[in-house]
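The block underneath contains the structure these notes are about, expressed in structure tokens.
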Amino acid sequence: MKVPKRLQPLVDDGLISSVQSRLMSGKEADIFIVRCGDAIRCAKVYKDAAKRSFKKAAEYQEGRSVRGGRRARAMAKRSSYGRQQQEEIWQSAEVTALSRLAKAGVRVPETYGCVDGVLLMELVTDDEGDVAPRLDDVILTREQALEDHAVMMHYIKLMLCEGLVHGDLSEFNVLLDPYGPVIIDLPQAVDAAANNNAQKMFTRDVNKITQYYAAFAPELADTDYAGEMWALFAEGELTPETDITGVYAADEDDADVDSVLAEIKAVMAEHEEEQARIRRLTEDDEP
């Protein structure tokens, strides 16, 4: 096919020999199948922020460290330089996450460099060498669903031990090759300790994956791996060797906190009603 404009510099530099086809167009990037010498790989071309449809990007960027005061100030002011820096951080976040997770034992695509907003990485394939299907495209037996779900919970545990939360995990960004699940799409990965939304995102990730597998193994719907793993993580007790069961009962202290908050809201409501009543009486007494 004709070489897309964003890929032409990589062709000129010899990093890409030819562009085979467009694989897909996603909310934050376009994916192409490319030839690099004798190897077939994929090129992920990140979309500009103005064209990217990833919702609530600010929530995902919270907690990401920025080196250099000038960069931080420019990003805060949303200057052209600041926006450029923000884009570089967004793109490099995926490369960093993929590298860290691969070292931690999570199956993710191998990366070969990121140049001018284009990430070259491994093309995950099936037995025939075709592009591996997404989870959403396969039908599993109950036994396979239970086995693969256990693998995914292990990977998610390793990610959390590494201090990372995927943030957008579902059956649409997990591939299934002959050796099992492969996690993809990580530009929005968040710092589990520094992002205030991390627990909410983690719970959503785990529950989405579990709901998918529960369609083939219904007993999984009664598990709570998210609550179990996050509680251990919060207490500093989660390690790569920790056995997780999916059985978790919320601490009674959590319920007590909810009760206290409910009581506070009730008292505030009563106070507001009393203030409104006093205002009405005052207005009635005025000549």
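Every chain in the structure tokens takes a letter, A first, then B, and so on in the order presented; its residues are numbered from 1, and the ligands are numbered from 1 following the presented order.
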Leu146 in chain A environment, 12 Å, only C-alpha atoms, sequence neighbours closer than 6 positions dropped, as a list in words: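 The filter keeps Leu140, Met152, Met153, Ile209, Thr210, Gln211, Tyr212, Tyr213, Ala214, Ala215, Phe216, Ala217, Pro218, Glu219, Leu220 and Ala221 of chain A.
Summary of the local environment: counting only C-alpha atoms, residues at most 8 Å from range 225-232 of chain A, other than itself and those fewer than 4 positions away along its chain, are Met153, Lys157, Gln199, Phe202, Thr203, Val206, Asn207, Gly236, Glu237, Leu238, Ile244, Thr245, Gly246, Val247, Tyr248 and Ala250 of chain A.
The residues of range 80-283 of chain A that DSSP classifies as strand (DSSP E), using the backbone of this structure, are A:Thr111, A:Tyr112, A:Gly113, A:Cys114, A:Val115, A:Val118, A:Leu119, A:Leu120, A:Met121, A:Glu122, A:Leu164, A:Val165, A:Val174, A:Leu175, A:Leu176, A:Asp177, A:Gly180, A:Pro181, A:Val182, A:Ile183, A:Val190, A:Asp191.
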Write out, as a JSON list (two decimals), in the first residue's frame, the residues just selected, with N, CA, C and O atoms.
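Contents of the output file result_31.json:
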[["chain", "number", "residue", "atom", "x", "y", "z"],
["A", 111, "THR", "N", 8.75, -4.35, 22.14],
["A", 111, "THR", "CA", 8.87, -3.06, 21.45],
["A", 111, "THR", "C", 10.25, -2.94, 20.80],
["A", 111, "THR", "O", 11.23, -3.51, 21.27],
["A", 112, "TYR", "N", 10.30, -2.13, 19.69],
["A", 112, "TYR", "CA", 11.55, -1.94, 18.95],
["A", 112, "TYR", "C", 11.88, -0.46, 18.77],
["A", 112, "TYR", "O", 12.71, -0.12, 17.93],
["A", 113, "GLY", "N", 11.24, 0.39, 19.55],
["A", 113, "GLY", "CA", 11.56, 1.81, 19.51],
["A", 113, "GLY", "C", 10.35, 2.66, 19.14],
["A", 113, "GLY", "O", 9.42, 2.22, 18.47],
["A", 114, "CYS", "N", 10.39, 3.91, 19.60],
["A", 114, "CYS", "CA", 9.33, 4.87, 19.30],
["A", 114, "CYS", "C", 9.99, 6.11, 18.69],
["A", 114, "CYS", "O", 10.83, 6.75, 19.33],
["A", 115, "VAL", "N", 9.60, 6.43, 17.44],
["A", 115, "VAL", "CA", 10.21, 7.53, 16.71],
["A", 115, "VAL", "C", 9.12, 8.43, 16.14],
["A", 115, "VAL", "O", 8.24, 7.97, 15.41],
["A", 118, "VAL", "N", 5.62, 7.25, 16.46],
["A", 118, "VAL", "CA", 5.32, 5.94, 15.88],
["A", 118, "VAL", "C", 6.04, 4.87, 16.70],
["A", 118, "VAL", "O", 7.27, 4.90, 16.83],
["A", 119, "LEU", "N", 5.27, 3.92, 17.24],
["A", 119, "LEU", "CA", 5.84, 2.85, 18.04],
["A", 119, "LEU", "C", 5.93, 1.58, 17.20],
["A", 119, "LEU", "O", 4.93, 1.07, 16.71],
["A", 120, "LEU", "N", 7.16, 1.09, 17.02],
["A", 120, "LEU", "CA", 7.36, -0.18, 16.33],
["A", 120, "LEU", "C", 7.36, -1.30, 17.36],
["A", 120, "LEU", "O", 8.09, -1.24, 18.36],
["A", 121, "MET", "N", 6.54, -2.33, 17.12],
["A", 121, "MET", "CA", 6.48, -3.42, 18.09],
["A", 121, "MET", "C", 6.11, -4.74, 17.42],
["A", 121, "MET", "O", 5.77, -4.79, 16.23],
["A", 122, "GLU", "N", 6.19, -5.78, 18.22],
["A", 122, "GLU", "CA", 5.90, -7.13, 17.76],
["A", 122, "GLU", "C", 4.47, -7.26, 17.25],
["A", 122, "GLU", "O", 3.54, -6.70, 17.83],
["A", 164, "LEU", "N", 1.53, -0.39, 38.48],
["A", 164, "LEU", "CA", 0.81, 0.08, 37.29],
["A", 164, "LEU", "C", -0.61, -0.48, 37.23],
["A", 164, "LEU", "O", -0.84, -1.62, 37.60],
["A", 165, "VAL", "N", -1.51, 0.35, 36.74],
["A", 165, "VAL", "CA", -2.89, -0.06, 36.46],
["A", 165, "VAL", "C", -3.13, 0.21, 34.98],
["A", 165, "VAL", "O", -2.83, 1.31, 34.49],
["A", 174, "VAL", "N", -7.02, -7.35, 24.72],
["A", 174, "VAL", "CA", -6.27, -8.55, 25.07],
["A", 174, "VAL", "C", -6.31, -9.47, 23.85],
["A", 174, "VAL", "O", -7.39, -9.77, 23.33],
["A", 175, "LEU", "N", -5.14, -9.87, 23.36],
["A", 175, "LEU", "CA", -5.06, -10.80, 22.23],
["A", 175, "LEU", "C", -4.85, -12.22, 22.75],
["A", 175, "LEU", "O", -4.35, -12.42, 23.86],
["A", 176, "LEU", "N", -5.23, -13.20, 21.92],
["A", 176, "LEU", "CA", -5.06, -14.60, 22.31],
["A", 176, "LEU", "C", -4.22, -15.30, 21.26],
["A", 176, "LEU", "O", -4.68, -15.56, 20.14],
["A", 177, "ASP", "N", -2.96, -15.59, 21.61],
["A", 177, "ASP", "CA", -2.09, -16.31, 20.69],
["A", 177, "ASP", "C", -2.00, -17.77, 21.15],
["A", 177, "ASP", "O", -2.67, -18.15, 22.12],
["A", 180, "GLY", "N", -1.56, -18.20, 24.97],
["A", 180, "GLY", "CA", -2.46, -17.59, 25.94],
["A", 180, "GLY", "C", -2.66, -16.10, 25.72],
["A", 180, "GLY", "O", -2.32, -15.56, 24.65],
["A", 181, "PRO", "N", -3.19, -15.39, 26.73],
["A", 181, "PRO", "CA", -3.49, -13.97, 26.60],
["A", 181, "PRO", "C", -2.25, -13.09, 26.49],
["A", 181, "PRO", "O", -1.21, -13.37, 27.11],
["A", 182, "VAL", "N", -2.37, -12.02, 25.70],
["A", 182, "VAL", "CA", -1.33, -11.00, 25.56],
["A", 182, "VAL", "C", -2.00, -9.64, 25.74],
["A", 182, "VAL", "O", -2.94, -9.32, 25.01],
["A", 183, "ILE", "N", -1.55, -8.85, 26.69],
["A", 183, "ILE", "CA", -2.16, -7.55, 26.99],
["A", 183, "ILE", "C", -1.57, -6.48, 26.10],
["A", 183, "ILE", "O", -0.35, -6.38, 25.95],
["A", 190, "VAL", "N", -1.71, 3.98, 34.43],
["A", 190, "VAL", "CA", -1.56, 4.97, 35.51],
["A", 190, "VAL", "C", -0.72, 4.41, 36.65],
["A", 190, "VAL", "O", -0.59, 3.20, 36.84],
["A", 191, "ASP", "N", -0.18, 5.34, 37.43],
["A", 191, "ASP", "CA", 0.60, 5.02, 38.61],
["A", 191, "ASP", "C", -0.37, 4.65, 39.74],
["A", 191, "ASP", "O", -1.19, 5.47, 40.14]]
Env of range 92-108 of chain A: 7 Å cut, atoms = only C-alpha atoms, seq-sep filter 5 positions within chain, self excluded. Answer as a PDB file with N, CA, C and O atoms, in the first residue's frame.
ATOM      1  N   TYR A 155      -1.472 -11.833  35.733  1.00  0.00           N
ATOM      2  CA  TYR A 155      -0.842 -10.705  35.051  1.00  0.00           C
ATOM      3  C   TYR A 155      -1.239  -9.380  35.691  1.00  0.00           C
ATOM      4  O   TYR A 155      -0.401  -8.481  35.880  1.00  0.00           O
ATOM      5  N   LEU A 158       0.666  -8.941  38.799  1.00  0.00           N
ATOM      6  CA  LEU A 158       2.052  -8.535  38.531  1.00  0.00           C
ATOM      7  C   LEU A 158       2.122  -7.057  38.151  1.00  0.00           C
ATOM      8  O   LEU A 158       3.058  -6.346  38.539  1.00  0.00           O
ATOM      9  N   MET A 159       1.129  -6.592  37.391  1.00  0.00           N
ATOM     10  CA  MET A 159       1.075  -5.181  37.014  1.00  0.00           C
ATOM     11  C   MET A 159       0.946  -4.302  38.252  1.00  0.00           C
ATOM     12  O   MET A 159       1.642  -3.287  38.388  1.00  0.00           O
ATOM     13  N   VAL A 182      -2.374 -12.017  25.696  1.00  0.00           N
ATOM     14  CA  VAL A 182      -1.327 -10.996  25.563  1.00  0.00           C
ATOM     15  C   VAL A 182      -2.003  -9.641  25.735  1.00  0.00           C
ATOM     16  O   VAL A 182      -2.944  -9.315  25.008  1.00  0.00           O
ATOM     17  N   ILE A 183      -1.549  -8.851  26.694  1.00  0.00           N
ATOM     18  CA  ILE A 183      -2.165  -7.555  26.992  1.00  0.00           C
ATOM     19  C   ILE A 183      -1.569  -6.475  26.095  1.00  0.00           C
ATOM     20  O   ILE A 183      -0.349  -6.380  25.949  1.00  0.00           O
ATOM     21  N   ILE A 184      -2.436  -5.651  25.499  1.00  0.00           N
ATOM     22  CA  ILE A 184      -1.981  -4.589  24.606  1.00  0.00           C
ATOM     23  C   ILE A 184      -2.600  -3.249  25.022  1.00  0.00           C
ATOM     24  O   ILE A 184      -3.412  -3.193  25.938  1.00  0.00           O
ATOM     25  N   LEU A 186      -1.437   0.341  26.139  1.00  0.00           N
ATOM     26  CA  LEU A 186      -1.128   0.850  27.480  1.00  0.00           C
ATOM     27  C   LEU A 186      -0.735   2.318  27.556  1.00  0.00           C
ATOM     28  O   LEU A 186      -0.080   2.727  28.513  1.00  0.00           O
ATOM     29  N   PRO A 187      -1.097   3.178  26.607  1.00  0.00           N
ATOM     30  CA  PRO A 187      -0.676   4.579  26.737  1.00  0.00           C
ATOM     31  C   PRO A 187      -1.328   5.287  27.911  1.00  0.00           C
ATOM     32  O   PRO A 187      -0.814   6.286  28.405  1.00  0.00           O
TER      33      PRO A 187
END
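Residue nearest Ala189 in chain A, chosen from A:Ile33, A:Leu135, A:Ile89, A:Ala150 and counting only C-alpha atoms: A:Ile89.
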Nearest residue to Glu171 in chain A from the set A:Asp130, A:Ala198, A:Val34, A:Val138 (distances using only C-alpha atoms):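 Between A:Asp130, A:Ala198, A:Val34, A:Val138, the residue approaching Glu171 in chain A most closely is A:Val138.
Closest to Glu87 in chain A among A:Thr242, A:Gln188, A:Ser25, A:Asn195 is A:Gln188, based on only C-alpha atoms.
Closest approach to Lys5 in chain A from the set A:Asp116, A:Glu162, A:Leu123, A:Glu110 is made by A:Asp116, with distances taken over only C-alpha atoms.
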Between CA of Val19 in chain A and CA of Val131 in chain A, distance in Å (one decimal):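 Those two atoms sit 15.4 Å apart.
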d(CA of Ala43 in chain A, CA of Ile31 in chain A) in Å: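 Result for CA of Ala43 in chain A versus CA of Ile31 in chain A: 5.7 Å, one decimal.
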Closest of A:Pro178, A:Gly14, A:Gly167, A:Pro240 to Asp205 in chain A - atom-to-atom distances counting only C-alpha atoms: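 Closest to Asp205 in chain A of all the choices is A:Gly167.
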